[in-house]
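Written below as structure tokens is the structure these notes are about.
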Amino acid sequence: MTEFIGIDIGSLASKVVLLSNEGEVIDYRAERSTYDFKRIGHNLVNDLMTKHSLNRENVFFISTGYGRNTIDIADDRITEITAHARGAQYFFPGAQSVIDIGGQDSKAIVISKKTGNVIDFQMNDKCAAGTGRFLEVMAHALEVPIEKIGELALKSNNPAAISSTCTVFAESEVISLFARGSSKHDIAAGIHKSIARRVAGMAKRIGVAPLLVFCGGVAKNVAVKSFLEKELGYEIVTPVLNNESGAQFTGAIGAALIAQEHNGR
Amino acid sequence: MDNFELLSEYYTFLKEKKGEGKKVVAFMSHDNIPEELIDAAGFVPLRMIFAGNDELMDASHDFLSPSTCAFAQSCIGVFSVKPERYKFLGLIDYFIVSNHCVSDICASEVIAKYFNIQRLNFYVSYTKTENSLKYFKIELLDLKRELEEITGTKIDNQDLMDSIKKYNILKKKLLEISNLTLKGSQKLKIFHKAMLYGPDILPKLDNIILEQLQTQISEESKDILLTGCSIFIDDYLNDLIEEGGGNVVFFDTWVGFNYYYQIIDEKAINASEDSIDLLVHRYEKNIYGDHSVPNFLERKVAHIENFSRNYERKTGKKIGVINHIIKFCDHMSIMSSHLKNQLKEKGIYVLNLERDYSRANRGQLSTRIEAFLEMM
């Protein structure tokens, strides 16, 4: 019996998923990526194989994500664009578009209705604006844990205006908003609105449409989702895995599903 | 031959030319500069077809804002940093200031002014009307006069005609090469070399082709038409395309088609008594160059669609288009979404790839390219 592993080495988090021959998610795990992608990736895969008593020859696995090329024990590699498109369709078979906001970049993907393949995509530029890293820097400036910043933002009825799209300048802007007496939740809302505006603008340029799946680590943030829906003008969905957010695992699941398809050939 | 060897040999070549008493005239690489006129005057034309890196771009910020075209930044940077591999730039005697775009004007003016290189001028109109053709002729005659004043010798009509014919042969050869089944990197190397050395490369060109023919192309590779900005010497972009499983089969750029398709037809050569008029004729026919407006976009779309259909008919393979946009090249950048949308409507996949010469975004670029190839 062959099983399939998808590993997504992101800039901030590495995720691994084990898929059964029938395409069921058996197990999954995430760990913070360090500078040593290769070690983290190998550890995640080895731990998973040990836990499930798997032999390497009975496992077919594909790496994806920013550090995909460092995982030299993988059978194949694919980009996170293709992996997320495939993973999004696992959770939502009718998915037509994907927005993936990860630690280092954000992507918008359009999926063909007919074939389920990627027909267009757009990535952010080499800049932290509109990414998880931007949120991390802002959470630090606000002295709020990253897990809580979304909830804080949703308490605001009057989001502060954050005009800068540059992380460094936006951080200065946050400090000056504090100095002018703006509340923490208004500033937090302004930060989320600015991310949503930037990402939605990029997504609209390539013609995203419902059903739109929001995935990547930032999709766990309720305020980004809410502001994205406002910017796009429709509801978006996020993956759920075992009653908790599965957004972060979309790419790894996509890679495992593609491993299953490749191995079947 | 790697780029270091190419540039090192080019230094020797230029030194020899200087030893023969020839002067070197450099210019930003656009496709309307009359290199035949420079050659006929006994000068060596030097096209700036060199890509940059972080160090070169940073160095240019002493002269220009960082939000200037990355190619213009790099051209200035290379004069400022003076890397050893580019030591041949120290042999330049004149720099032509031209106006292909705003960045061309800025960079060429800065280079001439701050690096003590004597300046020549050659301005071109953006249109192909009767008046702009007249203006182009005036500019040609002015440049001719300037070159004659430097040498103290008249440029004979026959000398210019001979130069035109020499460059015609070179371009015909490059056209032939572009139709060969070679790897994109091999074609690119030949184009780079030919555009550096000019017709002097002709006797060696057949050998170079034979050398390059020895490499096989994977049947699984995805065929790419590269449009937009050129891939210059020392750029890693083509490596990323090939590493990702792609192969550029057609370079629809300055380095490539925009250069070699500008062949003056024999009929015009035989019918014309004035060789300057032949250069005007060529300028008029240069409708695919990105300096040519109005209707730049319509022509570009029609040209790419035409190539794509013919290619599919001949090979049974679809091509994907990579539209290479050097950061802050406003012309390419503004047109990019329109180009993409119009080609998409015709069923042609397009990747708009905007970047500068920074080594830091190599990973992100390769993700975009690989994702595009997977999509194809």
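Going through the structure tokens in order, the chains are called A, B, and so on, while each chain numbers its residues from 1 and the ligands are numbered from 1 in the order shown.
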Provide as a ChimeraX atom specification the residues of chain B at most 10 Å from chain A, counting only C-alpha atoms. /B:337,341,344,349-355,360-361,363-376
Selection: 8 Å around Ile187 in chain A, only C-alpha atoms, excl. self and same-chain fewer than 5 positions, as number ranges by chain: A: 153, 159-161, 174, 177, 182
Residue selection dump (N, CA and C atoms) as a PDB file, in the first residue's frame:
```pdb
ATOM      1  N   ALA A 153      -9.014  43.752  16.171  1.00  0.00           N
ATOM      2  CA  ALA A 153      -9.406  44.612  15.043  1.00  0.00           C
ATOM      3  C   ALA A 153     -10.915  44.608  14.842  1.00  0.00           C
ATOM      4  N   PRO A 159     -11.943  52.107  11.652  1.00  0.00           N
ATOM      5  CA  PRO A 159     -10.550  51.740  11.374  1.00  0.00           C
ATOM      6  C   PRO A 159      -9.688  52.967  11.068  1.00  0.00           C
ATOM      7  N   ALA A 160      -8.520  53.012  11.671  1.00  0.00           N
ATOM      8  CA  ALA A 160      -7.604  54.135  11.400  1.00  0.00           C
ATOM      9  C   ALA A 160      -7.098  54.022   9.968  1.00  0.00           C
ATOM     10  N   ALA A 161      -6.765  55.164   9.390  1.00  0.00           N
ATOM     11  CA  ALA A 161      -6.262  55.143   8.005  1.00  0.00           C
ATOM     12  C   ALA A 161      -4.765  54.854   8.020  1.00  0.00           C
ATOM     13  N   VAL A 174       1.917  53.639  12.551  1.00  0.00           N
ATOM     14  CA  VAL A 174       1.218  53.111  13.729  1.00  0.00           C
ATOM     15  C   VAL A 174       1.657  53.878  14.974  1.00  0.00           C
ATOM     16  N   LEU A 177       0.098  57.189  14.995  1.00  0.00           N
ATOM     17  CA  LEU A 177      -1.339  57.108  15.323  1.00  0.00           C
ATOM     18  C   LEU A 177      -1.537  56.998  16.835  1.00  0.00           C
ATOM     19  N   SER A 182      -5.124  57.539  18.806  1.00  0.00           N
ATOM     20  CA  SER A 182      -6.004  56.495  18.247  1.00  0.00           C
ATOM     21  C   SER A 182      -5.987  55.271  19.151  1.00  0.00           C
TER      22      SER A 182
END
```
Which residues are close to range 133-142 of chain A, i.e. within 9 Å by only C-alpha atoms, leaving aside same-chain residues fewer than 6 positions away? Reply as a PDB file with N, CA and C atoms, in the first residue's frame.
```
ATOM      1  N   LEU A  12       7.751  31.108   7.014  1.00  0.00           N
ATOM      2  CA  LEU A  12       7.556  31.178   8.461  1.00  0.00           C
ATOM      3  C   LEU A  12       7.180  29.834   9.080  1.00  0.00           C
ATOM      4  N   GLY A 102       0.646  33.976   2.987  1.00  0.00           N
ATOM      5  CA  GLY A 102       1.601  33.263   3.819  1.00  0.00           C
ATOM      6  C   GLY A 102       2.482  34.232   4.576  1.00  0.00           C
ATOM      7  N   GLY A 103       3.560  33.705   5.112  1.00  0.00           N
ATOM      8  CA  GLY A 103       4.451  34.525   5.919  1.00  0.00           C
ATOM      9  C   GLY A 103       5.200  35.551   5.103  1.00  0.00           C
ATOM     10  N   GLN A 104       5.534  35.188   3.880  1.00  0.00           N
ATOM     11  CA  GLN A 104       6.405  36.055   3.110  1.00  0.00           C
ATOM     12  C   GLN A 104       5.754  36.627   1.863  1.00  0.00           C
ATOM     13  N   ASP A 105       4.741  35.939   1.390  1.00  0.00           N
ATOM     14  CA  ASP A 105       4.107  36.468   0.176  1.00  0.00           C
ATOM     15  C   ASP A 105       2.610  36.212   0.172  1.00  0.00           C
ATOM     16  N   LYS A 148      -4.050  37.242  18.657  1.00  0.00           N
ATOM     17  CA  LYS A 148      -5.162  38.050  19.183  1.00  0.00           C
ATOM     18  C   LYS A 148      -5.450  39.295  18.337  1.00  0.00           C
ATOM     19  N   ILE A 149      -4.566  39.617  17.426  1.00  0.00           N
ATOM     20  CA  ILE A 149      -4.682  40.908  16.729  1.00  0.00           C
ATOM     21  C   ILE A 149      -5.948  40.981  15.864  1.00  0.00           C
ATOM     22  N   CYS A 166       4.250  50.135   2.775  1.00  0.00           N
ATOM     23  CA  CYS A 166       5.563  49.600   3.142  1.00  0.00           C
ATOM     24  C   CYS A 166       5.557  49.258   4.636  1.00  0.00           C
ATOM     25  N   THR A 167       6.049  48.074   4.982  1.00  0.00           N
ATOM     26  CA  THR A 167       6.012  47.616   6.369  1.00  0.00           C
ATOM     27  C   THR A 167       6.738  48.584   7.299  1.00  0.00           C
ATOM     28  N   VAL A 168       7.888  49.052   6.851  1.00  0.00           N
ATOM     29  CA  VAL A 168       8.697  49.923   7.700  1.00  0.00           C
ATOM     30  C   VAL A 168       7.977  51.253   7.941  1.00  0.00           C
ATOM     31  N   ALA A 170       4.767  51.786   7.535  1.00  0.00           N
ATOM     32  CA  ALA A 170       3.500  51.550   8.230  1.00  0.00           C
ATOM     33  C   ALA A 170       3.736  51.457   9.736  1.00  0.00           C
ATOM     34  N   GLU A 171       4.853  50.877  10.123  1.00  0.00           N
ATOM     35  CA  GLU A 171       5.172  50.768  11.550  1.00  0.00           C
ATOM     36  C   GLU A 171       5.320  52.173  12.150  1.00  0.00           C
ATOM     37  N   VAL A 174       1.917  53.639  12.551  1.00  0.00           N
ATOM     38  CA  VAL A 174       1.218  53.111  13.729  1.00  0.00           C
ATOM     39  C   VAL A 174       1.657  53.878  14.974  1.00  0.00           C
ATOM     40  N   ILE A 175       2.953  54.108  15.075  1.00  0.00           N
ATOM     41  CA  ILE A 175       3.471  54.823  16.254  1.00  0.00           C
ATOM     42  C   ILE A 175       2.914  56.250  16.288  1.00  0.00           C
ATOM     43  N   LYS A 184      -6.117  51.206  20.207  1.00  0.00           N
ATOM     44  CA  LYS A 184      -5.431  50.020  19.700  1.00  0.00           C
ATOM     45  C   LYS A 184      -6.300  49.276  18.688  1.00  0.00           C
ATOM     46  N   ILE A 187      -6.469  51.078  15.353  1.00  0.00           N
ATOM     47  CA  ILE A 187      -5.210  50.929  14.604  1.00  0.00           C
ATOM     48  C   ILE A 187      -5.115  49.505  14.040  1.00  0.00           C
ATOM     49  N   ALA A 188      -5.480  48.524  14.887  1.00  0.00           N
ATOM     50  CA  ALA A 188      -5.438  47.128  14.424  1.00  0.00           C
ATOM     51  C   ALA A 188      -6.361  46.943  13.223  1.00  0.00           C
ATOM     52  N   ILE A 191      -4.794  48.357  10.133  1.00  0.00           N
ATOM     53  CA  ILE A 191      -3.730  47.478   9.621  1.00  0.00           C
ATOM     54  C   ILE A 191      -4.336  46.361   8.764  1.00  0.00           C
ATOM     55  N   HIS A 192      -5.413  45.746   9.295  1.00  0.00           N
ATOM     56  CA  HIS A 192      -6.046  44.642   8.564  1.00  0.00           C
ATOM     57  C   HIS A 192      -6.688  45.133   7.275  1.00  0.00           C
ATOM     58  N   ILE A 195      -4.034  45.545   4.611  1.00  0.00           N
ATOM     59  CA  ILE A 195      -3.629  44.266   3.996  1.00  0.00           C
ATOM     60  C   ILE A 195      -4.702  43.809   3.003  1.00  0.00           C
ATOM     61  N   VAL A 218      -2.309  33.182   7.299  1.00  0.00           N
ATOM     62  CA  VAL A 218      -3.026  34.424   7.637  1.00  0.00           C
ATOM     63  C   VAL A 218      -4.550  34.227   7.563  1.00  0.00           C
TER      64      VAL A 218
END
```
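The smallest atom-to-atom distance between Lys15 in chain A and any of A:Ile236, A:Arg180, A:Gly217, A:Asn242, using only C-alpha atoms, is found for A:Gly217.
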For Ser106 in chain A, find every residue with an atom within 8 Å (counting only C-alpha atoms), except residues of its own chain fewer than 5 positions away, and show them as a PyMOL selection string. chain A and resi 99-101+123-124+130-131+199
Selection near Tyr135 in chain B, 12 Å with only C-alpha atoms, sequence-local residues under 6 positions removed, as a list in words: Phe122, Tyr123, Val124, Ser125, Tyr126, Thr127, Lys128, Thr129, Leu141, Asp142, Val280, Tyr283 and Glu284 of chain B
DSSP says strand (DSSP E or B) for which residues of range 16-101 of chain A? Put them as number ranges by chain? A: 16-19, 25-32, 59-64, 76-77, 97-101
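Here the question is which of A:Gly246, A:Gly201, A:Gly190, A:Pro210 gets nearest to Val224 in chain A using only C-alpha atoms, and that residue is A:Gly190.
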